[in-house]
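Below: one structure, written as structure tokens.
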Amino acid sequence: MIALERLHKTYPARGGARHAAVTALDDVSLHVQPGEIFGVIGRSGAGKSTLIRTVNLLERPDQGVVRVGGVDLTGLSPHALQQQRQRIGMVFQHFNLLQSRTVAGNVRYPMQLAGGRTAAEMDRRVDELLTLVGLAHLKDRHPSQLSGGQKQRVGIARALANEPHVLLCDEATSALDPETTEQILSLLADVSARLQLTVLLITHEMHVIHSLCDRVAVMEQGRIVEQGRVLDVFLDPQHATTRSLLAHAGFLLDEGAATEPGRPHLQITAVGAAAQSPLLDRLREQHGIRLNLLEGRVTHIKGEPVARLRADVLGADVPLDRIPTLVAELGGHARWLNEGITR
């Protein structure tokens, strides 16, 4: 649905020759499949906002191709581009609502710009969308009378007004409190499923990625340094930037030393039903594997539980090198955190 091919974007230097030009996108390629929710995460200045704004050509890349629904937007005339943009909705960090218009008026506005609907058709569409986002009872209020979460719900309804195939979310929850963030993430998941939308979002919050997204790309200094299924990237991060972001979010365990030098020291991961099973009890009962639990936590990745723990092995009735296999037979994955475990 979205194909970005080898995008480059450089902003000219500001303040004269003493300042260098800024490379926001450096040979970036990204493919988002129809119906999936794809997240892009990175620190401030990584190039996320520039990337998402190239999808509807609010930012035009210096080089590269932007295809949405098989159409190369970079080669379109201004009129044709305007027509294509009606199929790409966008939700903004700071809502960008028109203060002089009511809630209903804000949702109606994109339809008025696009044309082609009667007043009665627009009224029905407004009512339908405000019901979808839970704001039908507030249709006559103005933005100044709304909370932050309510404003973002209006922003989502407005983005859906012209029945887009693609929804872009530019830090859609970063201005909201945690409880409201959860509500907006739930709404986005529901809207995506009901309307079969393709969603591309950018964020600096790992929580948004593991709560909502199917796949993720990690950006650093204008480049994508890692991408893949959220579960794969979270459980086995390959790039230092990814590991740093996960550690800062509290997802990674501390891979510290064993409680005693030389003591076997391992990490166990379990996903789904295995994460909710008495895996440690079974290891002890079935194989005499006695563990000293040092650290553990459970996270949910798109609703699926993921358990991770770190433990010392105090003793076992089986050879130590068999433990990873035995853990796998119970639905988990184990790896040694110290080298040379063969006995």
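Ligands are numbered from 1 in the order shown, residues from 1 within each chain, and chains are lettered A, B, ... in the order they appear in the structure tokens.
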
Problem - Distance query A:Thr23 at most 12 Å, only C-alpha atoms, self and fewer than 5 positions along chain excluded, as a list in words - result: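 Using only C-alpha atoms, the neighbours found are Leu7, His8, Lys9, Thr10, Tyr11, Pro12, Ala13, Val28, Gly45, Ala46, Gly47, Thr50, Leu51, Pro61, Asp62, Glu220, Gln221, Gly222 and Arg223 of chain A.
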
Practice task
Write out as a PyMOL selection string all residues of stretch 143-294 of chain A that backbone DSSP assigns to strand (DSSP E or B).
Solution key: chain A and resi 166-170+198-203+215-220+223-229+265-271+290-294

Practice task
Find the residues near stretch 269-279 of chain A: any atom within 9 Å, counting only C-alpha atoms, skip ones fewer than 4 places away on the same chain, and give them as a list in words.
Solution key: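 Selected residues are Leu235, Leu283, Arg284, Val298, Glu304, Pro305, Val306, Ala307, Arg308, Leu309, Val327, Leu330, Gly331, Gly332, His333, Ala334 and Arg335 of chain A.
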
Any chance you can output those residues with N, CA, C and O atoms as a compact mmCIF listing (two decimals), in the first residue's frame?
```txt
# COMPACT_ATOMS: atom_id res chain seq x y z
N LEU A 235 12.26 -8.71 21.04
CA LEU A 235 12.89 -9.84 21.72
C LEU A 235 14.35 -10.02 21.33
O LEU A 235 15.13 -10.58 22.10
N LEU A 283 9.92 -27.03 35.11
CA LEU A 283 11.34 -27.35 35.00
C LEU A 283 11.85 -28.01 36.29
O LEU A 283 12.65 -28.97 36.24
N ARG A 284 11.38 -27.52 37.41
CA ARG A 284 11.83 -28.09 38.68
C ARG A 284 11.24 -29.49 38.90
O ARG A 284 11.94 -30.43 39.26
N VAL A 298 6.54 -8.99 32.77
CA VAL A 298 5.61 -9.39 31.70
C VAL A 298 5.16 -8.13 30.98
O VAL A 298 4.72 -7.16 31.61
N GLU A 304 -0.68 -9.59 23.33
CA GLU A 304 -0.14 -10.91 23.61
C GLU A 304 0.91 -10.83 24.72
O GLU A 304 1.84 -10.02 24.62
N PRO A 305 0.77 -11.64 25.79
CA PRO A 305 1.73 -11.55 26.89
C PRO A 305 3.11 -12.06 26.49
O PRO A 305 3.25 -13.07 25.79
N VAL A 306 4.14 -11.34 26.94
CA VAL A 306 5.53 -11.73 26.73
C VAL A 306 6.22 -11.67 28.09
O VAL A 306 6.31 -10.61 28.71
N ALA A 307 6.67 -12.84 28.56
CA ALA A 307 7.35 -12.92 29.86
C ALA A 307 8.85 -13.07 29.65
O ALA A 307 9.29 -13.84 28.79
N ARG A 308 9.63 -12.35 30.44
CA ARG A 308 11.09 -12.46 30.38
C ARG A 308 11.61 -12.52 31.81
O ARG A 308 11.16 -11.77 32.68
N LEU A 309 12.58 -13.41 32.04
CA LEU A 309 13.17 -13.49 33.37
C LEU A 309 14.65 -13.83 33.26
O LEU A 309 15.12 -14.37 32.25
N VAL A 327 13.54 -26.05 27.95
CA VAL A 327 12.70 -24.84 28.00
C VAL A 327 11.90 -24.71 26.70
O VAL A 327 10.70 -24.38 26.72
N LEU A 330 8.80 -26.68 26.51
CA LEU A 330 7.70 -26.11 27.29
C LEU A 330 7.17 -24.81 26.69
O LEU A 330 6.34 -24.13 27.30
N GLY A 331 7.66 -24.46 25.50
CA GLY A 331 7.14 -23.29 24.79
C GLY A 331 7.93 -22.02 24.98
O GLY A 331 7.52 -20.96 24.50
N GLY A 332 9.08 -22.08 25.68
CA GLY A 332 9.88 -20.89 25.91
C GLY A 332 11.17 -20.90 25.12
O GLY A 332 11.42 -21.78 24.29
N HIS A 333 11.98 -19.91 25.38
CA HIS A 333 13.30 -19.81 24.74
C HIS A 333 14.29 -19.40 25.82
O HIS A 333 14.04 -18.45 26.59
N ALA A 334 15.41 -20.11 25.90
CA ALA A 334 16.43 -19.81 26.91
C ALA A 334 17.77 -19.58 26.24
O ALA A 334 18.10 -20.23 25.24
N ARG A 335 18.53 -18.64 26.78
CA ARG A 335 19.91 -18.44 26.31
C ARG A 335 20.79 -18.13 27.52
O ARG A 335 20.35 -17.49 28.48
```

Problem - Who sits within 10 Å of A:Ser211, only C-alpha atoms, same chain under 6 positions skipped, as a list in words - result: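 Close residues of A:Ser211: Glu182, Leu185, Ser186, Ala189, Val230, Thr299, His300, Ile301, Lys302, Gly303 and Glu304 of chain A.
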
Exercise for the section: Assign secondary structure with DSSP using the backbone only, and return the residues of stretch 88-278 of chain A in alpha helix (DSSP H) as a ChimeraX atom specification. Expected result: /A:103-114,119-132,148-159,178-195,206-212,230-235,240-248

Exercise for the section: Check the smallest atom-to-atom distance from each of A:Leu30, A:Pro264, A:Met90, A:Thr181 to A:Pro164 using only C-alpha atoms, then report the winner. Expected result: A:Met90

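Nearest to A:Ser174 of all the residues A:Met206, A:Val103, A:Leu4, A:Ala193 is A:Met206, based on only C-alpha atoms.
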
Practice task
Check the smallest atom-to-atom distance from each of A:Arg297, A:Leu187, A:Arg85, A:His31 to A:Thr131 using only C-alpha atoms, then report the winner.
Solution key: A:Leu187
